[in-house]
$ cat run.cif   # mmCIF, C-alpha atoms
data_coords
loop_
_atom_site.group_PDB
_atom_site.id
_atom_site.type_symbol
_atom_site.label_atom_id
_atom_site.label_comp_id
_atom_site.auth_asym_id
_atom_site.auth_seq_id
_atom_site.Cartn_x
_atom_site.Cartn_y
_atom_site.Cartn_z
ATOM 1 C CA MET A 110 148.893 117.755 128.943
ATOM 2 C CA GLY A 111 150.322 114.491 130.185
ATOM 3 C CA SER A 112 149.755 111.091 128.712
ATOM 4 C CA ASP A 113 147.594 110.073 131.684
ATOM 5 C CA GLU A 114 145.288 113.031 131.105
ATOM 6 C CA VAL A 115 145.061 112.215 127.395
ATOM 7 C CA LEU A 116 144.194 108.596 128.179
ATOM 8 C CA GLY A 117 141.656 109.778 130.751
ATOM 9 C CA LEU A 118 139.931 112.075 128.243
ATOM 10 C CA ALA A 119 139.964 109.340 125.639
ATOM 11 C CA PHE A 120 138.394 106.924 128.098
ATOM 12 C CA LEU A 121 135.690 109.434 129.006
ATOM 13 C CA GLY A 122 135.026 110.051 125.327
ATOM 14 C CA VAL A 123 134.638 106.355 124.578
ATOM 15 C CA LEU A 124 132.488 105.908 127.675
ATOM 16 C CA GLY A 125 130.267 108.809 126.671
ATOM 17 C CA TRP A 126 129.902 107.393 123.162
ATOM 18 C CA LEU A 127 128.932 103.981 124.548
ATOM 19 C CA VAL A 128 126.362 105.565 126.890
ATOM 20 C CA LEU A 129 124.860 107.545 123.983
ATOM 21 C CA LEU A 130 124.791 104.463 121.766
ATOM 22 C CA GLY A 131 123.178 102.427 124.527
ATOM 23 C CA ALA A 132 120.561 105.089 125.161
ATOM 24 C CA ARG A 133 119.674 105.246 121.471
ATOM 25 C CA SER A 134 119.452 101.450 121.286
ATOM 26 C CA ILE A 135 117.240 101.305 124.364
ATOM 27 C CA GLY A 136 115.083 104.061 122.914
ATOM 28 C CA SER A 137 114.720 102.198 119.609
ATOM 29 C CA LEU A 138 113.838 98.954 121.379
ATOM 30 C CA ALA A 139 111.307 100.743 123.565
ATOM 31 C CA THR A 140 109.705 102.392 120.533
ATOM 32 C CA ALA A 141 109.506 99.055 118.702
ATOM 33 C CA ALA A 142 108.086 97.323 121.770
ATOM 34 C CA TRP A 143 105.465 100.030 122.228
ATOM 35 C CA ALA A 144 104.431 99.818 118.563
ATOM 36 C CA ARG A 145 104.174 96.033 118.795
ATOM 37 C CA TRP A 146 102.091 96.290 121.964
ATOM 38 C CA GLY A 147 99.822 98.781 120.265
ATOM 39 C CA ARG A 148 99.224 96.394 117.387
ATOM 40 C CA TRP A 149 98.448 93.478 119.691
ATOM 41 C CA GLU A 150 96.107 95.762 121.618
ATOM 42 C CA LEU A 151 93.996 96.072 118.468
ATOM 43 C CA LEU A 152 93.128 92.397 118.847
ATOM 44 C CA ASP A 153 91.435 93.038 122.167
ATOM 45 C CA HIS A 154 88.560 94.861 120.479
ATOM 46 C CA ALA A 155 85.483 92.819 119.624
ATOM 47 C CA GLU A 156 84.929 95.213 116.716
ATOM 48 C CA ARG A 157 87.327 97.217 114.576
ATOM 49 C CA THR A 158 86.485 100.275 112.505
ATOM 50 C CA ILE A 159 88.412 100.318 109.244
ATOM 51 C CA ASP A 160 88.310 103.679 107.451
ATOM 52 C CA LEU A 161 89.876 103.455 103.995
ATOM 53 C CA SER A 162 88.781 106.917 102.846
ATOM 54 C CA PRO A 163 92.341 108.333 103.232
ATOM 55 C CA LEU A 164 93.337 105.999 100.399
ATOM 56 C CA GLY A 165 91.371 108.112 97.955
ATOM 57 C CA LEU A 166 88.070 106.359 97.263
ATOM 58 C CA ARG A 167 84.813 107.447 98.838
ATOM 59 C CA LEU A 168 84.391 104.302 100.849
ATOM 60 C CA ARG A 169 82.393 104.327 104.043
ATOM 61 C CA PRO A 170 84.118 102.849 107.119
ATOM 62 C CA PHE A 171 83.849 99.104 107.649
ATOM 63 C CA VAL A 172 82.995 97.854 111.125
ATOM 64 C CA VAL A 173 84.295 94.307 111.360
ATOM 65 C CA ARG A 174 83.751 91.889 114.195
ATOM 66 C CA GLN A 175 86.758 89.857 115.271
ATOM 67 C CA GLU A 176 87.253 86.996 117.729
ATOM 68 C CA PHE A 177 90.877 86.228 118.578
ATOM 69 C CA GLN A 178 92.073 84.594 121.794
ATOM 70 C CA GLY A 179 95.807 84.843 121.198
ATOM 71 C CA ARG A 180 96.272 81.394 119.672
ATOM 72 C CA CYS A 181 97.173 80.673 116.065
ATOM 73 C CA ALA A 182 95.305 77.426 115.501
ATOM 74 C CA PRO A 183 91.517 77.026 115.807
ATOM 75 C CA SER A 184 90.304 74.626 118.480
ATOM 76 C CA ALA A 185 87.168 72.876 119.662
ATOM 77 C CA ASP A 186 86.667 75.312 122.545
ATOM 78 C CA GLY A 187 85.596 78.112 120.225
ATOM 79 C CA ASN A 188 88.999 79.657 119.514
ATOM 80 C CA LEU A 189 88.929 80.789 115.885
ATOM 81 C CA GLY A 190 92.702 81.087 115.565
ATOM 82 C CA THR A 191 94.237 83.698 113.294
ATOM 83 C CA GLY A 192 91.144 83.636 111.082
ATOM 84 C CA GLY A 193 89.270 85.475 113.814
ATOM 85 C CA ALA A 194 91.484 88.579 113.678
ATOM 86 C CA LEU A 195 92.183 91.416 111.285
ATOM 87 C CA TRP A 196 95.792 91.293 110.053
ATOM 88 C CA GLY A 197 97.797 93.851 108.162
ATOM 89 C CA GLY A 198 97.973 91.799 104.981
ATOM 90 C CA SER A 199 94.252 92.240 104.277
ATOM 91 C CA LEU A 200 94.677 96.012 104.419
ATOM 92 C CA GLU A 201 97.789 95.817 102.242
ATOM 93 C CA LEU A 202 95.986 93.689 99.678
ATOM 94 C CA SER A 203 92.874 95.878 99.768
ATOM 95 C CA SER A 204 94.884 99.025 99.107
ATOM 96 C CA PHE A 205 96.859 97.308 96.332
ATOM 97 C CA LEU A 206 93.676 96.205 94.559
ATOM 98 C CA LEU A 207 92.208 99.704 94.808
ATOM 99 C CA HIS A 208 95.227 101.587 93.503
ATOM 100 C CA GLU A 209 98.052 99.490 92.083
ATOM 101 C CA ALA A 210 96.306 96.458 90.588
ATOM 102 C CA GLN A 211 95.607 97.831 87.119
ATOM 103 C CA ALA A 212 99.190 99.021 86.614
ATOM 104 C CA ALA A 213 100.349 95.590 87.810
ATOM 105 C CA GLY A 214 98.223 93.849 85.182
ATOM 106 C CA VAL A 215 95.581 92.630 87.644
ATOM 107 C CA HIS A 216 92.177 93.294 86.087
ATOM 108 C CA LEU A 217 89.142 93.020 88.357
ATOM 109 C CA ASP A 218 86.552 94.432 85.980
ATOM 110 C CA GLY A 219 84.345 91.554 84.863
ATOM 111 C CA ALA A 220 86.618 89.070 86.629
ATOM 112 C CA LYS A 221 85.699 85.928 88.483
ATOM 113 C CA VAL A 222 87.446 86.396 91.838
ATOM 114 C CA VAL A 223 88.090 84.052 94.775
ATOM 115 C CA GLU A 224 89.713 84.930 98.098
ATOM 116 C CA LEU A 225 91.399 82.059 99.972
ATOM 117 C CA GLY A 226 91.800 82.070 103.750
ATOM 118 C CA ALA A 227 89.682 85.224 103.855
ATOM 119 C CA GLY A 228 89.199 85.336 107.626
ATOM 120 C CA LEU A 229 87.015 88.369 108.339
ATOM 121 C CA GLY A 230 86.529 88.969 104.605
ATOM 122 C CA LEU A 231 87.707 92.583 104.513
ATOM 123 C CA THR A 232 89.462 92.458 101.130
ATOM 124 C CA SER A 233 86.468 90.965 99.332
ATOM 125 C CA MET A 234 84.148 93.490 100.973
ATOM 126 C CA VAL A 235 86.422 96.328 99.861
ATOM 127 C CA ILE A 236 86.408 95.378 96.190
ATOM 128 C CA ALA A 237 82.646 94.777 96.292
ATOM 129 C CA THR A 238 82.040 98.205 97.839
ATOM 130 C CA ALA A 239 84.581 99.965 95.629
ATOM 131 C CA ALA A 240 82.610 98.842 92.600
ATOM 132 C CA GLN A 241 79.885 101.245 93.760
ATOM 133 C CA ALA A 242 82.225 104.109 94.740
ATOM 134 C CA VAL A 243 83.539 106.821 92.488
ATOM 135 C CA GLY A 244 87.206 107.684 92.964
ATOM 136 C CA GLY A 245 88.238 110.824 91.119
ATOM 137 C CA SER A 246 86.734 110.707 87.637
ATOM 138 C CA HIS A 247 86.369 106.957 87.222
ATOM 139 C CA GLU A 248 84.265 104.181 88.653
ATOM 140 C CA ALA A 249 86.116 101.332 90.338
ATOM 141 C CA ALA A 250 86.288 97.972 88.568
ATOM 142 C CA ARG A 251 83.300 95.689 89.079
ATOM 143 C CA PRO A 252 84.059 91.954 89.357
ATOM 144 C CA ARG A 253 81.672 89.509 87.726
ATOM 145 C CA SER A 254 81.658 87.403 90.906
ATOM 146 C CA VAL A 255 83.477 87.282 94.240
ATOM 147 C CA VAL A 256 83.693 84.069 96.258
ATOM 148 C CA VAL A 257 84.958 84.544 99.824
ATOM 149 C CA THR A 258 86.347 81.345 101.371
ATOM 150 C CA ASP A 259 87.908 80.010 104.538
ATOM 151 C CA GLY A 260 88.461 76.474 105.743
ATOM 152 C CA HIS A 261 87.200 76.763 109.329
ATOM 153 C CA ALA A 262 83.400 76.743 109.734
ATOM 154 C CA PRO A 263 83.183 79.258 112.650
ATOM 155 C CA VAL A 264 85.441 81.671 110.718
ATOM 156 C CA VAL A 265 83.203 81.308 107.663
ATOM 157 C CA GLU A 266 80.196 82.177 109.817
ATOM 158 C CA LEU A 267 82.009 85.217 111.261
ATOM 159 C CA CYS A 268 82.933 86.317 107.747
ATOM 160 C CA ARG A 269 79.321 85.930 106.628
ATOM 161 C CA GLN A 270 78.167 88.086 109.560
ATOM 162 C CA ASN A 271 80.667 90.794 108.595
ATOM 163 C CA VAL A 272 79.455 90.781 105.005
ATOM 164 C CA GLN A 273 75.844 91.093 106.124
ATOM 165 C CA ALA A 274 76.711 93.923 108.511
ATOM 166 C CA ASN A 275 78.728 95.979 106.024
ATOM 167 C CA LEU A 276 77.297 95.379 102.553
ATOM 168 C CA SER A 277 73.856 96.118 101.226
ATOM 169 C CA ASP A 278 71.892 93.500 99.323
ATOM 170 C CA HIS A 279 72.526 95.516 96.158
ATOM 171 C CA GLU A 280 76.292 95.490 96.680
ATOM 172 C CA VAL A 281 76.270 91.757 97.302
ATOM 173 C CA SER A 282 74.173 90.946 94.241
ATOM 174 C CA ALA A 283 75.983 93.423 91.960
ATOM 175 C CA CYS A 284 79.256 91.520 92.430
ATOM 176 C CA GLY A 285 77.711 88.102 92.899
ATOM 177 C CA LEU A 286 79.442 87.908 96.278
ATOM 178 C CA GLU A 287 79.050 84.723 98.287
ATOM 179 C CA VAL A 288 80.780 83.238 101.326
ATOM 180 C CA GLN A 289 81.706 79.538 101.199
ATOM 181 C CA ARG A 290 83.748 77.090 103.207
ATOM 182 C CA LEU A 291 86.796 75.747 101.382
ATOM 183 C CA GLY A 292 89.560 73.809 103.085
ATOM 184 C CA TRP A 293 92.902 73.912 101.323
ATOM 185 C CA GLY A 294 93.627 70.678 99.529
ATOM 186 C CA ALA A 295 89.941 69.736 99.543
ATOM 187 C CA SER A 296 87.906 69.367 96.383
ATOM 188 C CA VAL A 297 87.323 72.703 94.706
ATOM 189 C CA SER A 298 84.445 71.376 92.581
ATOM 190 C CA ALA A 299 81.964 73.155 94.857
ATOM 191 C CA LEU A 300 83.252 76.456 93.460
ATOM 192 C CA GLY A 301 82.260 75.468 89.923
ATOM 193 C CA PRO A 302 84.014 73.979 86.892
ATOM 194 C CA GLU A 303 85.405 77.223 85.477
ATOM 195 C CA PRO A 304 88.796 78.551 86.590
ATOM 196 C CA PHE A 305 89.031 81.889 88.354
ATOM 197 C CA ASP A 306 90.466 85.019 86.761
ATOM 198 C CA VAL A 307 91.892 86.386 90.020
ATOM 199 C CA ILE A 308 92.906 84.435 93.150
ATOM 200 C CA LEU A 309 93.567 86.481 96.289
ATOM 201 C CA GLY A 310 95.283 85.690 99.581
ATOM 202 C CA SER A 311 96.664 87.769 102.442
ATOM 203 C CA ASP A 312 98.771 86.576 105.382
ATOM 204 C CA VAL A 313 98.134 82.967 104.356
ATOM 205 C CA VAL A 314 101.735 81.698 104.226
ATOM 206 C CA TYR A 315 103.029 82.340 107.757
ATOM 207 C CA HIS A 316 102.773 78.669 108.877
ATOM 208 C CA PRO A 317 104.519 75.904 106.906
ATOM 209 C CA ALA A 318 102.176 72.983 107.606
ATOM 210 C CA PRO A 319 99.303 73.833 105.207
ATOM 211 C CA LEU A 320 101.430 75.333 102.424
ATOM 212 C CA PRO A 321 101.426 72.211 100.179
ATOM 213 C CA LEU A 322 97.623 72.119 100.472
ATOM 214 C CA LEU A 323 97.401 75.836 99.666
ATOM 215 C CA LEU A 324 99.544 75.275 96.583
ATOM 216 C CA ASP A 325 97.278 72.431 95.436
ATOM 217 C CA SER A 326 94.178 74.587 95.878
ATOM 218 C CA ILE A 327 95.629 77.538 93.971
ATOM 219 C CA LEU A 328 96.704 75.360 91.049
ATOM 220 C CA SER A 329 93.304 73.629 90.961
ATOM 221 C CA LEU A 330 91.559 76.998 90.628
ATOM 222 C CA CYS A 331 93.849 78.358 87.897
ATOM 223 C CA GLY A 332 93.276 78.683 84.176
ATOM 224 C CA PRO A 333 95.373 80.173 81.342
ATOM 225 C CA SER A 334 94.405 83.758 82.213
ATOM 226 C CA THR A 335 94.469 83.447 86.007
ATOM 227 C CA CYS A 336 96.332 86.018 88.067
ATOM 228 C CA VAL A 337 97.301 85.197 91.679
ATOM 229 C CA VAL A 338 97.851 88.055 94.137
ATOM 230 C CA ILE A 339 99.280 87.332 97.601
ATOM 231 C CA ALA A 340 100.090 89.886 100.306
ATOM 232 C CA TYR A 341 102.921 88.468 102.379
ATOM 233 C CA THR A 342 104.898 89.477 105.479
ATOM 234 C CA PRO A 343 107.891 87.325 106.555
ATOM 235 C CA ARG A 344 107.137 85.840 109.981
ATOM 236 C CA GLY A 345 108.315 83.196 112.402
ATOM 237 C CA ASN A 346 111.626 81.394 112.680
ATOM 238 C CA VAL A 347 114.155 80.580 109.984
ATOM 239 C CA VAL A 348 112.625 77.177 109.216
ATOM 240 C CA ALA A 349 109.145 78.674 108.750
ATOM 241 C CA ARG A 350 110.521 81.319 106.402
ATOM 242 C CA GLN A 351 112.381 78.693 104.410
ATOM 243 C CA HIS A 352 109.111 76.820 103.900
ATOM 244 C CA CYS A 353 107.469 80.058 102.725
ATOM 245 C CA ASP A 354 110.304 80.711 100.282
ATOM 246 C CA ALA A 355 109.955 77.154 98.977
ATOM 247 C CA PHE A 356 106.197 77.675 98.550
ATOM 248 C CA PHE A 357 106.706 80.813 96.482
ATOM 249 C CA SER A 358 109.421 79.098 94.457
ATOM 250 C CA ASP A 359 107.113 76.150 93.716
ATOM 251 C CA LEU A 360 104.218 78.451 92.823
ATOM 252 C CA SER A 361 106.346 80.640 90.555
ATOM 253 C CA GLY A 362 107.324 77.570 88.534
ATOM 254 C CA PHE A 363 103.773 77.424 87.195
ATOM 255 C CA PHE A 364 103.707 81.058 86.032
ATOM 256 C CA ALA A 365 105.499 82.889 83.266
ATOM 257 C CA LYS A 366 105.942 86.083 85.284
ATOM 258 C CA VAL A 367 106.188 86.973 88.969
ATOM 259 C CA ASP A 368 106.326 90.584 90.185
ATOM 260 C CA THR A 369 107.053 91.630 93.768
ATOM 261 C CA TYR A 370 105.862 94.986 95.105
ATOM 262 C CA ARG A 371 107.408 96.130 98.384
ATOM 263 C CA SER A 372 105.060 97.554 100.998
ATOM 264 C CA GLU A 373 107.094 100.728 101.404
ATOM 265 C CA ASP A 374 106.582 101.515 97.713
ATOM 266 C CA LEU A 375 102.798 101.141 97.833
ATOM 267 C CA ARG A 376 100.110 103.700 98.532
ATOM 268 C CA LEU A 377 99.073 102.347 101.930
ATOM 269 C CA SER A 378 102.548 102.894 103.393
ATOM 270 C CA ARG A 379 102.756 106.405 101.931
ATOM 271 C CA ILE A 380 99.359 107.345 103.380
ATOM 272 C CA ARG A 381 100.310 105.958 106.791
ATOM 273 C CA ALA A 382 103.521 107.992 106.749
ATOM 274 C CA GLU A 383 101.580 111.150 105.909
ATOM 275 C CA LEU A 384 99.089 110.493 108.715
ATOM 276 C CA LEU A 385 101.912 109.842 111.176
ATOM 277 C CA ALA A 386 103.555 113.114 110.168
ATOM 278 C CA LYS A 387 100.256 114.865 110.906
ATOM 279 C CA LYS A 388 100.032 112.948 114.203
ATOM 280 C CA ASP A 389 96.604 111.641 113.190
ATOM 281 C CA ASN A 390 96.865 108.535 115.359
ATOM 282 C CA SER A 391 93.218 107.538 115.085
ATOM 283 C CA ALA A 392 93.427 107.426 111.284
ATOM 284 C CA VAL A 393 96.653 105.403 111.454
ATOM 285 C CA THR A 394 94.992 102.919 113.810
ATOM 286 C CA ALA A 395 92.048 102.550 111.424
ATOM 287 C CA LEU A 396 94.524 101.599 108.693
ATOM 288 C CA SER A 397 96.468 99.091 110.789
ATOM 289 C CA GLY A 398 96.178 95.382 111.380
ATOM 290 C CA GLY A 399 96.532 93.921 114.852
ATOM 291 C CA GLY A 400 99.291 91.595 116.017
ATOM 292 C CA ASP A 401 102.460 90.646 114.243
ATOM 293 C CA LEU A 402 103.057 86.897 114.813
ATOM 294 C CA SER A 403 106.800 87.572 115.021
ATOM 295 C CA GLU A 404 107.211 89.719 111.925
ATOM 296 C CA VAL A 405 110.841 89.650 110.836
ATOM 297 C CA GLY A 406 110.828 91.701 107.676
ATOM 298 C CA PRO A 407 108.892 94.206 105.541
ATOM 299 C CA GLY A 408 105.827 93.001 103.733
ATOM 300 C CA CYS A 409 105.183 92.809 100.014
ATOM 301 C CA VAL A 410 102.569 91.908 97.441
ATOM 302 C CA LYS A 411 103.424 89.176 94.931
ATOM 303 C CA VAL A 412 101.624 88.949 91.600
ATOM 304 C CA PHE A 413 101.768 85.743 89.528
ATOM 305 C CA LYS A 414 100.697 85.896 85.858
ATOM 306 C CA GLY A 415 100.782 83.607 82.844
ATOM 307 C CA PHE A 416 99.690 80.272 84.309
ATOM 308 C CA ARG A 417 101.006 77.074 82.740
ATOM 309 C CA LYS A 418 100.143 73.521 83.747
ATOM 310 C CA THR A 419 103.700 72.255 83.393
ATOM 311 C CA LYS A 420 106.062 73.427 86.110
ATOM 312 C CA VAL A 421 109.304 75.082 85.124
ATOM 313 C CA ASP A 422 112.024 75.510 87.773
ATOM 314 C CA GLU A 423 112.354 79.214 88.466
ATOM 315 C CA THR A 424 113.134 81.435 91.420
ATOM 316 C CA VAL A 425 110.768 84.083 92.700
#
$ encode --input "run.cif" --output "structure tokens"
Amino acid sequence: MGSDEVLGLAFLGVLGWLVLLGARSIGSLATAAWARWGRWELLDHAERTIDLSPLGLRLRPFVVRQEFQGRCAPSADGNLGTGGALWGGSLELSSFLLHEAQAAGVHLDGAKVVELGAGLGLTSMVIATAAQAVGGSHEAARPRSVVVTDGHAPVVELCRQNVQANLSDHEVSACGLEVQRLGWGASVSALGPEPFDVILGSDVVYHPAPLPLLLDSILSLCGPSTCVVIAYTPRGNVVARQHCDAFFSDLSGFFAKVDTYRSEDLRLSRIRAELLAKKDNSAVTALSGGGDLSEVGPGCVKVFKGFRKTKVDETV
């Protein structure tokens, strides 16, 4: 075989490899684009059915109303912004509180709980309902009180409607659940003089502008035994993510211990993977949040424990 033939075969081999690599890349991009489109499509529904029974507790499905017009910020024309949609973080946080919280040192039983930036209020409804449900051989933890808050009045009203539609009067009174308006950075005196035992937030740190106000509100609601639990997915551009990192760094300085739990290690991700393997697409959809707001990394749940009033410089 001559040198020209060898070069020709080598060229064809390299060309074939490039074609294969390109095809795989195009296929991966197409799959990612289709998945992203599917998640945005969930926002087009006026109502979403959320079935958490695959997670192991005998919870009935939640039917939540959402109002999202594709814009992040609320406006005077009735756009509720991101607070009018169901996002993945609320599902992540809900699952974490049902299954991983106790092992993580987050105790809901008898706790005074507040959810910040609650949007549709799914997480608070889940823990209120779980208190009545039996999972395996034990009854789920029952909070002493649950205060569901958001800073935008129309979102608060939508949240209140979802609570009324999904929870019985007994479930509401058993956990002392109430929906209130609370803008970050505003006075928290309306929530009472006592600190909260557990402060919850999901998908609340994607935009840098209100983060200093969120930090002020969290610290104002904390006491010596407070535990803060935030479900977080990196989003946006580099600058936005830097602001989020700075927020978590500032917050961690007020706590003796910070634990980070990766989404892929938590029960919700494992259940989704099992449902995908079974090709149970409807169940996967019921356990998915809509939209992604430019997700750029895997999500996680951060748990802050051991509150102290004096900040100590630490990294998360």
$ resolve_selection --input "run.cif" --expression "the PyMOL selection byres ((chain A and resi 284) around 8)" --output "list in words"
Ala237, Arg251, Pro252, Arg253, Ser254, Val255, Glu280, Val281, Ser282, Ala283, Gly285 and Leu286 of chain A
$ write_last_selection --input "run.cif" --atoms "C-alpha atoms" --output "PDB file, in the frame of the given file"
ATOM      1  CA  ALA A 237      82.646  94.777  96.292  1.00  0.00           C
ATOM      2  CA  ARG A 251      83.300  95.689  89.079  1.00  0.00           C
ATOM      3  CA  PRO A 252      84.059  91.954  89.357  1.00  0.00           C
ATOM      4  CA  ARG A 253      81.672  89.509  87.726  1.00  0.00           C
ATOM      5  CA  SER A 254      81.658  87.403  90.906  1.00  0.00           C
ATOM      6  CA  VAL A 255      83.477  87.282  94.240  1.00  0.00           C
ATOM      7  CA  GLU A 280      76.292  95.490  96.680  1.00  0.00           C
ATOM      8  CA  VAL A 281      76.270  91.757  97.302  1.00  0.00           C
ATOM      9  CA  SER A 282      74.173  90.946  94.241  1.00  0.00           C
ATOM     10  CA  ALA A 283      75.983  93.423  91.960  1.00  0.00           C
ATOM     11  CA  GLY A 285      77.711  88.102  92.899  1.00  0.00           C
ATOM     12  CA  LEU A 286      79.442  87.908  96.278  1.00  0.00           C
TER      13      LEU A 286
END
$ resolve_selection --input "run.cif" --expression "the PyMOL selection byres ((chain A and resi 348-365) around 9)" --output "ChimeraX atom specification"
/A:314-318,320-321,324,327-328,343-347,366-367,413-425
$ residues_around --input "run.cif" --residues "A:Thr158" --least-positions-apart "2" --cutoff "8 Å" --atoms "only C-alpha atoms" --output "MDAnalysis selection string"
chainID A and resid 156 160 170:173 395
$ closest_residue --input "run.cif" --among "A:His154, A:His261, A:Lys221, A:Arg167" --to "A:Gly192" --atoms "all atoms listed in the file"
A:His261
$ atom_distance --input "run.cif" --atom1 "atom CA of A:Thr335" --atom2 "atom CA of A:Ile308"
7.4 Å
$ closest_residue --input "run.cif" --among "A:Tyr341, A:Leu168, A:Ser204, A:Thr191" --to "A:Leu377" --atoms "all atoms listed in the file"
A:Ser204
$ atom_distance --input "run.cif" --atom1 "atom CA of A:Leu309" --atom2 "atom CA of A:Val410"
10.6 Å
